$ cat entry31.pdb   # PDB, C-alpha atoms and all ligand atoms
ATOM      1  CA  SER A  19       0.000   0.000   0.000
ATOM      2  CA  SER A  20       1.063   3.574  -0.586
ATOM      3  CA  PRO A  21       1.977   5.913   2.258
ATOM      4  CA  LEU A  22      -0.754   8.202   3.583
ATOM      5  CA  LEU A  23       1.825  10.355   5.319
ATOM      6  CA  GLU A  24       5.355  11.193   4.203
ATOM      7  CA  VAL A  25       7.556  13.296   6.450
ATOM      8  CA  LYS A  26      10.830  14.450   4.954
ATOM      9  CA  ASN A  27      13.662  16.158   6.836
ATOM     10  CA  LEU A  28      11.296  17.705   9.364
ATOM     11  CA  LYS A  29      12.838  20.259  11.710
ATOM     12  CA  LYS A  30      11.285  22.238  14.520
ATOM     13  CA  TYR A  31      13.565  24.653  16.349
ATOM     14  CA  PHE A  32      12.561  26.978  19.172
ATOM     15  CA  LYS A  33      14.398  30.170  20.094
ATOM     16  CA  THR A  34      15.289  30.210  23.790
ATOM     17  CA  PRO A  35      17.324  32.691  25.831
ATOM     18  CA  LYS A  36      20.163  30.133  25.854
ATOM     19  CA  GLY A  37      20.150  29.446  22.131
ATOM     20  CA  MET A  38      18.302  27.406  19.545
ATOM     21  CA  LEU A  39      16.457  24.369  20.910
ATOM     22  CA  HIS A  40      16.530  21.551  18.339
ATOM     23  CA  ALA A  41      13.255  19.870  19.364
ATOM     24  CA  VAL A  42      12.910  17.931  16.102
ATOM     25  CA  ASP A  43      16.045  17.665  14.014
ATOM     26  CA  ASP A  44      15.889  16.288  10.488
ATOM     27  CA  VAL A  45      13.329  13.524  10.978
ATOM     28  CA  SER A  46      11.980  11.492   8.034
ATOM     29  CA  PHE A  47       9.470   8.634   7.963
ATOM     30  CA  THR A  48       6.341   7.399   6.216
ATOM     31  CA  ILE A  49       3.133   5.783   7.458
ATOM     32  CA  ASP A  50       1.152   3.512   5.154
ATOM     33  CA  ARG A  51      -2.637   3.631   4.984
ATOM     34  CA  GLY A  52      -4.401   1.753   7.756
ATOM     35  CA  ARG A  53      -1.176   1.204   9.684
ATOM     36  CA  THR A  54       0.072   2.361  13.059
ATOM     37  CA  LEU A  55       3.474   3.916  13.616
ATOM     38  CA  GLY A  56       4.463   3.936  17.277
ATOM     39  CA  VAL A  57       6.805   6.787  18.159
ATOM     40  CA  VAL A  58       8.659   6.226  21.421
ATOM     41  CA  GLY A  59      11.242   8.022  23.506
ATOM     42  CA  GLU A  60      11.746   9.833  26.801
ATOM     43  CA  SER A  61      10.087  13.160  27.497
ATOM     44  CA  GLY A  62      11.846  15.908  25.572
ATOM     45  CA  CYS A  63      12.862  13.631  22.682
ATOM     46  CA  GLY A  64      10.628  15.557  20.264
ATOM     47  CA  LYS A  65       7.918  12.947  19.702
ATOM     48  CA  SER A  66       4.997  15.224  20.650
ATOM     49  CA  THR A  67       6.443  18.163  18.761
ATOM     50  CA  THR A  68       6.745  15.940  15.691
ATOM     51  CA  GLY A  69       3.042  15.037  15.942
ATOM     52  CA  ARG A  70       2.022  18.652  16.391
ATOM     53  CA  ALA A  71       4.255  19.866  13.552
ATOM     54  CA  ILE A  72       2.636  17.360  11.168
ATOM     55  CA  LEU A  73      -0.781  18.872  11.943
ATOM     56  CA  ARG A  74       0.766  22.363  11.921
ATOM     57  CA  ILE A  75      -0.403  22.996  15.479
ATOM     58  CA  VAL A  76       3.177  24.226  15.700
ATOM     59  CA  GLU A  77       4.679  25.461  12.424
ATOM     60  CA  PRO A  78       7.612  23.357  11.221
ATOM     61  CA  THR A  79      10.922  25.179  10.832
ATOM     62  CA  GLU A  80      11.922  23.132   7.791
ATOM     63  CA  GLY A  81      10.987  20.015   5.897
ATOM     64  CA  GLU A  82       8.219  18.519   3.829
ATOM     65  CA  ILE A  83       4.959  16.918   4.973
ATOM     66  CA  LEU A  84       2.943  15.123   2.330
ATOM     67  CA  PHE A  85      -0.521  13.943   3.341
ATOM     68  CA  ASP A  86      -2.247  11.818   0.738
ATOM     69  CA  GLY A  87       0.224  13.339  -1.728
ATOM     70  CA  GLU A  88      -0.625  16.915  -0.765
ATOM     71  CA  ASP A  89       2.038  19.284   0.527
ATOM     72  CA  ILE A  90       0.587  20.355   3.889
ATOM     73  CA  ARG A  91       2.997  23.243   4.386
ATOM     74  CA  SER A  92       1.906  25.000   1.213
ATOM     75  CA  LEU A  93      -1.763  25.137   2.271
ATOM     76  CA  GLY A  94      -3.374  28.468   3.165
ATOM     77  CA  LYS A  95      -5.399  28.950   6.323
ATOM     78  CA  ASP A  96      -8.763  27.908   4.866
ATOM     79  CA  GLN A  97      -7.317  24.943   2.989
ATOM     80  CA  MET A  98      -5.534  23.855   6.146
ATOM     81  CA  ARG A  99      -8.760  24.101   8.151
ATOM     82  CA  ARG A 100     -10.428  21.808   5.638
ATOM     83  CA  MET A 101      -7.444  19.464   5.742
ATOM     84  CA  ARG A 102      -7.713  19.298   9.551
ATOM     85  CA  THR A 103     -11.001  17.463   9.263
ATOM     86  CA  ARG A 104      -8.957  14.601   7.779
ATOM     87  CA  MET A 105      -6.144  14.795  10.349
ATOM     88  CA  GLN A 106      -7.033  14.757  14.022
ATOM     89  CA  ILE A 107      -5.278  14.505  17.373
ATOM     90  CA  ILE A 108      -6.099  12.806  20.677
ATOM     91  CA  PHE A 109      -4.345  14.091  23.802
ATOM     92  CA  GLN A 110      -3.116  12.425  26.966
ATOM     93  CA  ASP A 111      -5.386  14.357  29.271
ATOM     94  CA  PRO A 112      -8.728  14.930  27.594
ATOM     95  CA  PHE A 113     -10.051  16.563  30.766
ATOM     96  CA  SER A 114      -7.927  19.669  30.430
ATOM     97  CA  SER A 115      -9.146  20.149  26.866
ATOM     98  CA  LEU A 116     -12.831  19.595  27.725
ATOM     99  CA  ASN A 117     -15.048  22.526  28.609
ATOM    100  CA  PRO A 118     -16.455  21.755  32.101
ATOM    101  CA  ARG A 119     -19.710  23.569  31.329
ATOM    102  CA  LYS A 120     -20.494  21.529  28.223
ATOM    103  CA  THR A 121     -22.268  18.190  28.308
ATOM    104  CA  VAL A 122     -20.903  15.081  26.636
ATOM    105  CA  SER A 123     -23.200  15.485  23.628
ATOM    106  CA  GLU A 124     -22.451  19.203  23.245
ATOM    107  CA  THR A 125     -18.726  18.477  23.433
ATOM    108  CA  ILE A 126     -18.870  15.870  20.674
ATOM    109  CA  ALA A 127     -21.184  18.045  18.567
ATOM    110  CA  GLU A 128     -18.806  21.013  18.708
ATOM    111  CA  PRO A 129     -16.355  20.061  15.937
ATOM    112  CA  LEU A 130     -19.302  19.200  13.657
ATOM    113  CA  LYS A 131     -20.781  22.624  14.310
ATOM    114  CA  LEU A 132     -17.561  24.650  14.088
ATOM    115  CA  ASN A 133     -16.541  23.036  10.823
ATOM    116  CA  GLY A 134     -20.026  23.437   9.364
ATOM    117  CA  ILE A 135     -20.179  19.698   8.688
ATOM    118  CA  ILE A 136     -23.765  19.245   9.882
ATOM    119  CA  THR A 137     -25.679  22.519  10.229
ATOM    120  CA  ASP A 138     -29.050  21.072  11.224
ATOM    121  CA  LYS A 139     -29.133  20.658  15.003
ATOM    122  CA  GLY A 140     -31.405  17.612  15.014
ATOM    123  CA  LYS A 141     -29.223  15.811  12.451
ATOM    124  CA  ARG A 142     -26.114  16.807  14.375
ATOM    125  CA  MET A 143     -27.457  15.255  17.556
ATOM    126  CA  GLU A 144     -28.338  12.055  15.670
ATOM    127  CA  ARG A 145     -24.736  11.852  14.506
ATOM    128  CA  VAL A 146     -23.514  12.478  18.075
ATOM    129  CA  ALA A 147     -25.641   9.583  19.369
ATOM    130  CA  GLU A 148     -24.172   7.392  16.617
ATOM    131  CA  ILE A 149     -20.573   8.316  17.507
ATOM    132  CA  MET A 150     -21.233   7.804  21.220
ATOM    133  CA  GLU A 151     -22.356   4.286  20.463
ATOM    134  CA  ILE A 152     -19.282   3.635  18.299
ATOM    135  CA  VAL A 153     -16.892   4.665  21.097
ATOM    136  CA  GLY A 154     -18.855   2.833  23.786
ATOM    137  CA  LEU A 155     -20.358   5.786  25.665
ATOM    138  CA  ALA A 156     -23.774   4.855  27.098
ATOM    139  CA  GLU A 157     -26.795   6.844  25.948
ATOM    140  CA  ARG A 158     -27.539   7.887  29.533
ATOM    141  CA  LEU A 159     -24.294   9.943  29.507
ATOM    142  CA  TYR A 160     -25.671  12.214  26.781
ATOM    143  CA  ASN A 161     -26.292  15.072  29.214
ATOM    144  CA  ALA A 162     -23.515  14.271  31.699
ATOM    145  CA  TYR A 163     -20.654  16.686  32.397
ATOM    146  CA  PRO A 164     -16.958  15.748  32.068
ATOM    147  CA  HIS A 165     -16.292  15.942  35.834
ATOM    148  CA  GLU A 166     -18.917  13.248  36.425
ATOM    149  CA  LEU A 167     -16.941  10.750  34.341
ATOM    150  CA  ASP A 168     -13.845   8.635  35.009
ATOM    151  CA  GLY A 169     -10.630   8.893  32.984
ATOM    152  CA  GLY A 170     -11.528   6.109  30.564
ATOM    153  CA  ARG A 171     -14.880   7.666  29.655
ATOM    154  CA  ARG A 172     -13.289  11.085  29.281
ATOM    155  CA  GLN A 173     -10.786   9.613  26.850
ATOM    156  CA  ARG A 174     -13.699   8.058  24.939
ATOM    157  CA  ILE A 175     -15.039  11.619  24.561
ATOM    158  CA  GLY A 176     -11.654  12.717  23.232
ATOM    159  CA  ILE A 177     -11.761   9.880  20.710
ATOM    160  CA  ALA A 178     -15.387  10.678  19.795
ATOM    161  CA  ARG A 179     -14.489  14.305  19.113
ATOM    162  CA  ALA A 180     -11.633  13.243  16.867
ATOM    163  CA  LEU A 181     -13.858  10.757  15.028
ATOM    164  CA  ALA A 182     -16.759  13.170  14.572
ATOM    165  CA  LEU A 183     -15.183  14.659  11.466
ATOM    166  CA  ASN A 184     -14.536  11.270   9.897
ATOM    167  CA  PRO A 185     -10.743  11.632   9.667
ATOM    168  CA  GLN A 186      -8.267   9.340   7.890
ATOM    169  CA  PHE A 187      -5.357   9.997  10.205
ATOM    170  CA  ILE A 188      -5.081  10.473  13.971
ATOM    171  CA  VAL A 189      -2.080  11.562  16.005
ATOM    172  CA  CYS A 190      -2.520   9.811  19.347
ATOM    173  CA  ASP A 191      -0.377  11.647  21.880
ATOM    174  CA  GLU A 192       0.042   9.415  24.958
ATOM    175  CA  PRO A 193      -3.709   8.624  24.886
ATOM    176  CA  VAL A 194      -3.556   5.963  27.621
ATOM    177  CA  SER A 195      -0.629   7.153  29.748
ATOM    178  CA  ALA A 196      -2.833   8.775  32.386
ATOM    179  CA  LEU A 197      -5.117   5.727  32.731
ATOM    180  CA  ASP A 198      -5.048   2.621  34.928
ATOM    181  CA  VAL A 199      -3.607  -0.449  33.220
ATOM    182  CA  SER A 200      -7.004  -2.218  32.981
ATOM    183  CA  ILE A 201      -8.574   0.871  31.418
ATOM    184  CA  GLN A 202      -5.559   1.242  29.093
ATOM    185  CA  ALA A 203      -6.333  -2.143  27.586
ATOM    186  CA  GLN A 204      -9.972  -1.182  26.994
ATOM    187  CA  ILE A 205      -9.038   2.042  25.239
ATOM    188  CA  LEU A 206      -6.348   0.333  23.124
ATOM    189  CA  ASN A 207      -8.862  -2.349  22.114
ATOM    190  CA  LEU A 208     -11.361   0.325  21.166
ATOM    191  CA  MET A 209      -8.766   2.179  19.081
ATOM    192  CA  ASP A 210      -7.812  -1.062  17.376
ATOM    193  CA  GLU A 211     -11.457  -1.817  16.529
ATOM    194  CA  LEU A 212     -11.990   1.698  15.208
ATOM    195  CA  GLN A 213      -8.909   1.389  13.032
ATOM    196  CA  GLU A 214     -10.279  -1.808  11.469
ATOM    197  CA  LYS A 215     -13.778  -0.432  11.002
ATOM    198  CA  MET A 216     -12.884   2.994   9.671
ATOM    199  CA  GLY A 217      -9.564   2.289   7.982
ATOM    200  CA  LEU A 218      -7.760   4.764  10.229
ATOM    201  CA  THR A 219      -4.039   5.444  10.140
ATOM    202  CA  TYR A 220      -2.397   6.184  13.488
ATOM    203  CA  MET A 221       0.737   7.885  14.689
ATOM    204  CA  PHE A 222       0.862   6.618  18.267
ATOM    205  CA  ILE A 223       3.159   8.613  20.554
ATOM    206  CA  THR A 224       4.210   7.117  23.881
ATOM    207  CA  HIS A 225       7.094   6.961  26.358
ATOM    208  CA  ASP A 226       6.017   3.393  27.172
ATOM    209  CA  LEU A 227       7.359   0.735  24.807
ATOM    210  CA  SER A 228       5.160  -1.967  26.307
ATOM    211  CA  VAL A 229       2.059  -0.066  25.125
ATOM    212  CA  VAL A 230       3.101  -0.139  21.459
ATOM    213  CA  HIS A 231       4.505  -3.684  21.577
ATOM    214  CA  TYR A 232       1.283  -5.212  20.262
ATOM    215  CA  PHE A 233      -0.485  -2.112  19.075
ATOM    216  CA  ALA A 234       1.947  -0.669  16.514
ATOM    217  CA  ASP A 235       2.923  -2.135  13.140
ATOM    218  CA  ASP A 236       6.158  -0.174  13.048
ATOM    219  CA  ILE A 237       8.067   1.565  15.798
ATOM    220  CA  ALA A 238      10.267   4.650  15.553
ATOM    221  CA  VAL A 239      12.569   5.511  18.453
ATOM    222  CA  MET A 240      13.537   9.123  19.042
ATOM    223  CA  TYR A 241      16.352  10.570  21.115
ATOM    224  CA  LEU A 242      16.904  14.308  21.609
ATOM    225  CA  GLY A 243      15.163  15.369  18.423
ATOM    226  CA  ARG A 244      16.624  12.601  16.248
ATOM    227  CA  LEU A 245      15.011   9.458  14.924
ATOM    228  CA  ILE A 246      17.582   6.812  15.841
ATOM    229  CA  GLU A 247      15.940   3.477  14.979
ATOM    230  CA  LYS A 248      12.843   2.357  13.089
ATOM    231  CA  ALA A 249      11.621  -1.145  12.331
ATOM    232  CA  PRO A 250       8.534  -3.342  12.191
ATOM    233  CA  ALA A 251       7.417  -3.777  15.840
ATOM    234  CA  LYS A 252       8.253  -7.488  16.034
ATOM    235  CA  GLU A 253      11.680  -6.955  14.523
ATOM    236  CA  LEU A 254      12.473  -4.083  16.878
ATOM    237  CA  PHE A 255      11.608  -6.176  19.926
ATOM    238  CA  ARG A 256      13.437  -9.233  18.637
ATOM    239  CA  ASN A 257      16.491  -7.460  17.333
ATOM    240  CA  PRO A 258      17.038  -3.945  18.697
ATOM    241  CA  VAL A 259      20.277  -2.607  17.238
ATOM    242  CA  HIS A 260      20.789   0.907  18.501
ATOM    243  CA  PRO A 261      22.387   1.020  21.988
ATOM    244  CA  TYR A 262      19.669   3.405  23.175
ATOM    245  CA  THR A 263      16.854   1.125  21.973
ATOM    246  CA  GLN A 264      18.583  -1.798  23.669
ATOM    247  CA  ALA A 265      18.641   0.128  26.949
ATOM    248  CA  LEU A 266      14.973   1.131  26.602
ATOM    249  CA  LEU A 267      13.927  -2.445  25.885
ATOM    250  CA  SER A 268      15.979  -3.870  28.721
ATOM    251  CA  ALA A 269      13.879  -1.814  31.127
ATOM    252  CA  ILE A 270      10.549  -3.444  30.286
ATOM    253  CA  PRO A 271       9.479  -6.981  31.107
ATOM    254  CA  VAL A 272       9.176  -9.062  27.945
ATOM    255  CA  PRO A 273       6.923 -12.118  28.158
ATOM    256  CA  SER A 274       9.190 -14.442  26.174
ATOM    257  CA  ILE A 275      12.089 -16.141  27.983
ATOM    258  CA  HIS A 276      14.194 -15.839  24.830
ATOM    259  CA  ASN A 277      13.983 -12.104  25.200
ATOM    260  CA  GLN A 278      14.994 -11.761  28.821
ATOM    261  CA  ARG A 279      17.694  -9.171  28.740
ATOM    262  CA  LYS A 280      19.938  -7.836  31.389
ATOM    263  CA  ARG A 281      18.860  -4.385  32.469
ATOM    264  CA  ILE A 282      21.138  -1.798  30.884
ATOM    265  CA  LEU A 283      21.503   1.232  33.116
ATOM    266  CA  LEU A 284      22.506   4.392  31.346
ATOM    267  CA  LYS A 285      25.086   6.560  33.023
ATOM    268  CA  GLY A 286      26.234   9.981  31.972
ATOM    269  CA  GLU A 287      24.359  13.193  31.455
ATOM    270  CA  ILE A 288      21.845  13.862  28.735
ATOM    271  CA  THR A 289      23.300  16.201  26.105
ATOM    272  CA  SER A 290      21.633  19.607  25.852
ATOM    273  CA  PRO A 291      19.201  19.937  22.942
ATOM    274  CA  VAL A 292      20.063  23.659  22.844
ATOM    275  CA  ASP A 293      22.665  24.236  20.113
ATOM    276  CA  PRO A 294      23.699  20.562  20.332
ATOM    277  CA  LYS A 295      27.363  19.757  19.903
ATOM    278  CA  PRO A 296      28.496  17.887  16.804
ATOM    279  CA  GLY A 297      28.450  14.109  17.021
ATOM    280  CA  CYS A 298      25.977  11.474  18.109
ATOM    281  CA  ARG A 299      23.509  12.895  20.629
ATOM    282  CA  PHE A 300      23.612   9.684  22.602
ATOM    283  CA  ALA A 301      27.423   9.682  22.936
ATOM    284  CA  SER A 302      27.406  11.100  26.486
ATOM    285  CA  ARG A 303      25.451   8.049  27.733
ATOM    286  CA  CYS A 304      26.491   5.372  25.245
ATOM    287  CA  PRO A 305      28.616   2.474  26.577
ATOM    288  CA  TYR A 306      30.148   2.023  23.096
ATOM    289  CA  ALA A 307      31.008   5.620  22.220
ATOM    290  CA  SER A 308      34.252   6.106  20.287
ATOM    291  CA  SER A 309      36.009   9.322  19.334
ATOM    292  CA  ARG A 310      34.220   9.315  15.977
ATOM    293  CA  CYS A 311      30.879   9.426  17.847
ATOM    294  CA  HIS A 312      31.879  12.746  19.420
ATOM    295  CA  SER A 313      32.654  14.476  16.134
ATOM    296  CA  GLU A 314      30.364  12.974  13.504
ATOM    297  CA  GLU A 315      26.580  12.560  13.497
ATOM    298  CA  PRO A 316      25.394   9.057  12.508
ATOM    299  CA  GLN A 317      22.670   9.052   9.831
ATOM    300  CA  LEU A 318      19.682   6.742   9.628
ATOM    301  CA  LYS A 319      20.550   3.826   7.312
ATOM    302  CA  GLU A 320      18.649   0.719   6.249
ATOM    303  CA  ILE A 321      20.488  -2.256   7.765
ATOM    304  CA  ALA A 322      17.880  -4.926   6.911
ATOM    305  CA  PRO A 323      14.631  -4.660   4.924
ATOM    306  CA  GLY A 324      12.504  -2.075   6.746
ATOM    307  CA  HIS A 325      14.978  -1.806   9.633
ATOM    308  CA  PHE A 326      16.695   1.574   9.939
ATOM    309  CA  ASN A 327      19.390   2.503  12.408
ATOM    310  CA  ALA A 328      21.538   5.558  13.145
ATOM    311  CA  CYS A 329      24.711   4.306  14.808
ATOM    312  CA  PHE A 330      28.280   3.747  13.599
ATOM    313  CA  LEU A 331      28.481   0.313  15.263
ATOM    314  CA  ASN A 332      26.197  -1.426  12.791
ATOM    315  CA  GLU A 333      27.100   0.230   9.550
TER     316      GLU A 333
HETATM  317 FE1  LIG A 401      26.879   4.996  20.658
HETATM  318 FE2  LIG A 401      28.475   5.953  18.763
HETATM  319 FE3  LIG A 401      26.364   4.469  18.118
HETATM  320 FE4  LIG A 401      26.052   6.930  19.033
HETATM  321  S1  LIG A 401      27.026   6.332  17.105
HETATM  322  S2  LIG A 401      24.890   5.156  19.629
HETATM  323  S3  LIG A 401      27.673   7.072  20.543
HETATM  324  S4  LIG A 401      28.180   3.802  19.268
HETATM  325 MG    MG A 402      -3.660  -2.085  14.201
END
$ encode --input "entry31.pdb" --output "structure tokens"
Amino acid sequence: SSPLLEVKNLKKYFKTPKGMLHAVDDVSFTIDRGRTLGVVGESGCGKSTTGRAILRIVEPTEGEILFDGEDIRSLGKDQMRRMRTRMQIIFQDPFSSLNPRKTVSETIAEPLKLNGIITDKGKRMERVAEIMEIVGLAERLYNAYPHELDGGRRQRIGIARALALNPQFIVCDEPVSALDVSIQAQILNLMDELQEKMGLTYMFITHDLSVVHYFADDIAVMYLGRLIEKAPAKELFRNPVHPYTQALLSAIPVPSIHNQRKRILLKGEITSPVDPKPGCRFASRCPYASSRCHSEEPQLKEIAPGHFNACFLNE
């Protein structure tokens, strides 16, 4: 299948009093239709900024974003607003983005109203009832307020709002990180079902590798603004190549005995993302760093079909 999203050499820099913060630094990847790309890394690695830059919630500094073949960055305001109906985002904490004075049904109806998708109020409310059923929100919650609901139901509202406009693509930014593990599974199952049913394509951002283990088709690992490894999910778990990915994976319990790895503890300080020094950004914490790693930046290279890595060790 052809890619729905192509990101080429994406950069997002922020001016700070100390210098230029390289939040996203020359990141390229594609996501095929109906697939899920998991994007993982520690906080501050640029994964959320990447998701927001793709939707132009923050304006990219450089790079190309092609959505269904269309160059997103060349779109004017009105064109971009129309494009947004096809590209949505779900946040970690839906509560903070929900208006406490609006009921569940009003909240879900809002994007339909604002985008002029359904102008007739009666028809709009029919559609809201339909979406509530799809995301598993009981009819009796129609007139409930967000504060009356638990975290899982609030996230279902977040998902319903994103789905209301019938999008093709959803950036899921830590959508289950604030939820209890049992609720996490319910929400992930729901998102999986919705993907099947509606042919959705996901970019799933998380700091938790165990969440994307089964959920994502491909996984991209980011470190300090750089994409350092990308592979099909199974391959990444079976055969992590980058020293940083190996350390990340060693920290989570893996159900197969073949995969039991010794915990790799990273020492050394994290390099500053402000005006980063030349060289590999992981060099300050990498157990294998050589002098070359401190002067030259490793580029992402395909080391096996579909498996990309940015490290001098495996070239
Ligand atoms: Fe470690 Fe060097 Fe590879 Fe960077 S390029 S991950 S410092 S071995
Ligand atoms: Mg899937």
$ resolve_selection --input "entry31.pdb" --expression "the PyMOL selection byres (((not hetatm)) within 9 of (chain A and resi 402))" --output "list in words"
Gly52, Arg53, Thr54, Met209, Asp210, Glu211, Gln213, Glu214, Leu218, Thr219, Tyr220, Tyr232, Phe233, Ala234 and Asp235 of chain A
$ residues_near_ligand --input "entry31.pdb" --ligand "ligand LIG 401 (chain A)" --cutoff "7 Å" --atoms "only C-alpha atoms and all ligand atoms" --output "list of chain:residue names"
A:His260, A:Pro261, A:Tyr262, A:Cys298, A:Arg299, A:Phe300, A:Ala301, A:Cys304, A:Pro305, A:Tyr306, A:Ala307, A:Ser308, A:Cys311, A:Pro316, A:Ala328, A:Cys329, A:Phe330, A:Leu331
$ residues_around --input "entry31.pdb" --residues "stretch 293-296 of chain A" --least-positions-apart "5" --cutoff "9 Å" --atoms "only C-alpha atoms" --output "list in words"
Lys36, Gly37, Met38, Leu39, His40, Cys311, His312, Ser313, Glu314 and Glu315 of chain A
$ closest_residue --input "entry31.pdb" --among "A:Glu124, A:Asp111, A:Glu166, A:Asp44" --to "A:Ser195" --atoms "all atoms listed in the file"
A:Asp111
$ resolve_selection --input "entry31.pdb" --expression "the PyMOL selection byres (((chain A and resi 140-144) around 9) and not hetatm)" --output "list in words"
Ser123, Glu124, Ala127, Leu130, Lys131, Ile135, Ile136, Thr137, Asp138, Lys139, Arg145, Val146, Ala147, Glu148 and Ile149 of chain A
$ atom_distance --input "entry31.pdb" --atom1 "atom CA of A:Ser228" --atom2 "atom CA of A:Ile288"
23.1 Å
$ closest_residue --input "entry31.pdb" --among "A:Gly134, A:Pro250, A:Pro193, A:Pro258" --to "A:Ser66" --atoms "all atoms listed in the file"
A:Pro193
$ atom_distance --input "entry31.pdb" --atom1 "atom CA of A:Leu159" --atom2 "atom CA of A:Ile177"
15.3 Å
$ residues_near_point --input "entry31.pdb" --point "(4.0, 23.1, 2.7)" --cutoff "10 Å" --atoms "only C-alpha atoms" --output "JSON, numbers by chain"
{"A": [74, 78, 80, 81, 82, 83, 84, 88, 89, 90, 91, 92, 93, 94]}
$ write_last_selection --input "entry31.pdb" --atoms "C-alpha atoms" --output "PDB file, keeping the file's coordinate frame"
ATOM      1  CA  ARG A  74       0.766  22.363  11.921  1.00  0.00           C
ATOM      2  CA  PRO A  78       7.612  23.357  11.221  1.00  0.00           C
ATOM      3  CA  GLU A  80      11.922  23.132   7.791  1.00  0.00           C
ATOM      4  CA  GLY A  81      10.987  20.015   5.897  1.00  0.00           C
ATOM      5  CA  GLU A  82       8.219  18.519   3.829  1.00  0.00           C
ATOM      6  CA  ILE A  83       4.959  16.918   4.973  1.00  0.00           C
ATOM      7  CA  LEU A  84       2.943  15.123   2.330  1.00  0.00           C
ATOM      8  CA  GLU A  88      -0.625  16.915  -0.765  1.00  0.00           C
ATOM      9  CA  ASP A  89       2.038  19.284   0.527  1.00  0.00           C
ATOM     10  CA  ILE A  90       0.587  20.355   3.889  1.00  0.00           C
ATOM     11  CA  ARG A  91       2.997  23.243   4.386  1.00  0.00           C
ATOM     12  CA  SER A  92       1.906  25.000   1.213  1.00  0.00           C
ATOM     13  CA  LEU A  93      -1.763  25.137   2.271  1.00  0.00           C
ATOM     14  CA  GLY A  94      -3.374  28.468   3.165  1.00  0.00           C
TER      15      GLY A  94
END
$ resolve_selection --input "entry31.pdb" --expression "the PyMOL selection byres (((chain A and resi 190) around 7) and not hetatm)" --output "PyMOL selection string"
chain A and resi 107-109+188-189+191-193+220-223
$ residues_around --input "entry31.pdb" --residues "A:Val122" --least-positions-apart "4" --cutoff "12 Å" --atoms "only C-alpha atoms" --output "PyMOL selection string"
chain A and resi 113+116-118+126-128+143+146-147+149-150+155-167+171-176+178-179
$ residues_around --input "entry31.pdb" --residues "A:Thr103" --least-positions-apart "3" --cutoff "9 Å" --atoms "all atoms listed in the file" --output "short mmCIF file (atom, residue, chain, number, x, y, z; two decimals) with C-alpha atoms, keeping the file's coordinate frame"
data_model
loop_
_atom_site.label_atom_id
_atom_site.label_comp_id
_atom_site.auth_asym_id
_atom_site.auth_seq_id
_atom_site.Cartn_x
_atom_site.Cartn_y
_atom_site.Cartn_z
CA MET A 98 -5.53 23.86 6.15
CA ARG A 99 -8.76 24.10 8.15
CA ARG A 100 -10.43 21.81 5.64
CA GLN A 106 -7.03 14.76 14.02
CA PRO A 129 -16.36 20.06 15.94
CA ASN A 133 -16.54 23.04 10.82
CA ALA A 180 -11.63 13.24 16.87
CA ALA A 182 -16.76 13.17 14.57
CA LEU A 183 -15.18 14.66 11.47
CA ASN A 184 -14.54 11.27 9.90
CA PRO A 185 -10.74 11.63 9.67
CA GLN A 186 -8.27 9.34 7.89
#
$ atom_distance --input "entry31.pdb" --atom1 "atom CA of A:His231" --atom2 "atom CA of A:Glu253"
10.6 Å
$ residues_near_point --input "entry31.pdb" --point "(13.9, 2.7, 29.2)" --cutoff "10 Å" --atoms "all atoms listed in the file" --output "PyMOL selection string"
chain A and resi 59-60+225-227+262-270+281-284
$ residues_around --input "entry31.pdb" --residues "A:Gly87" --least-positions-apart "4" --cutoff "10 Å" --atoms "all atoms listed in the file" --output "list in words"
Ser20, Pro21, Leu22, Leu23, Glu24 and Ile83 of chain A
$ closest_residue --input "entry31.pdb" --among "A:Ser309, A:Ser290, A:Thr224, A:Ser200" --to "A:Gly69" --atoms "only C-alpha atoms"
A:Thr224
